[in-house]
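So the structure is just underneath, and the comments pick up after that.
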Amino acid sequence: MVIEDMQQTLELLGNIKEFFFNIEETEKKLNTELYTKEGERDDLLHEIELSKLNAIEIMSTYKRLEKVLQERRIIKNKIDLISTIKPYTSKFITKGICAETDITIKNIETLKHNQESRQYTPRVIQDLKCAKKKKEG
């Protein structure tokens, strides 16, 4: 990414902010989902163990168990990714990256506004168009 485009820079900083702000919440959400999937898995295993199922019921329960296990694996893979990223994010969060990112975003937005609304005041030649804008405005 080239840091010459103000809008791209703001988007990048917004993504960084979201990344650091949401990592804890994302981890908690994933752990809750994992707990739920493990409960579903246990329920289905107990259904297999304790119920007298016919062939159709066995197949249906097996398919449900297979789906739950696949969903559980996806969640566990995401948790592994979060666990890998977390030491990195913790160091930056400790150093105040969230607050610094907020400040930087606000500073860039102010800079953008100032650049879009700036006007020139002539020093010597007063009959220039840009000088008239200033007097009229």
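Labeling convention for the structure tokens: chains A, B, ... as they appear, residues from 1 per chain, ligands from 1 in order of appearance.
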
Could you name the residues that touch stretch 57-68 of chain A at 10 Å or less, counting only C-alpha atoms, but leaving out those on the same chain fewer than 5 positions away, as number ranges by chain? A: 36-45, 47-48, 51-52, 73

Would you please work out which residue, of A:Asn15, A:Lys76, A:Lys91, A:Leu69, is nearest to A:Lys29 when using only C-alpha atoms?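 The answer is A:Lys76, which sits nearest to A:Lys29.
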
Could you name the residues that touch A:Leu34 at 7 Å or less, counting only C-alpha atoms, but leaving out those on the same chain fewer than 4 positions away, as a CSV table (one decimal) with C-alpha atoms, in the first residue's frame?
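selection_11.csv written:
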```
chain,number,residue,atom,x,y,z
A,30,LEU,CA,-15.4,-18.1,19.5
A,38,GLU,CA,-18.9,-29.4,22.2
A,72,ARG,CA,-16.4,-27.3,15.7
A,75,ILE,CA,-14.2,-22.7,15.2
```

Using Å and a single decimal, report how far atom CA of A:Gln8 sits from atom CA of A:Ile103.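 We find that atom CA of A:Ile103 and atom CA of A:Gln8 lie 16.7 Å from each other.
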
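Proximity ranking of A:Leu10, A:Ile74, A:Lys86, A:Phe21 relative to A:Ala99 places A:Phe21 first, based on only C-alpha atoms.
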
Among chain A, which residues does DSSP mark as alpha helix (DSSP H) when it is run on the backbone? Keep the chain and numbering as in the structure and answer as a VMD selection string. chain A and resid 6 to 50 55 to 94 97 to 117 129 to 136

Gap from atom CA of A:Asn114 to atom CA of A:Leu13 - Å, one decimal: 19.4 Å

From the options A:Leu128, A:Ile79, A:Leu50, A:Glu18, which residue's atoms come nearest to A:Asn31, counting only C-alpha atoms?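 When distances to A:Asn31 are compared using only C-alpha atoms, the smallest one comes from A:Ile79.
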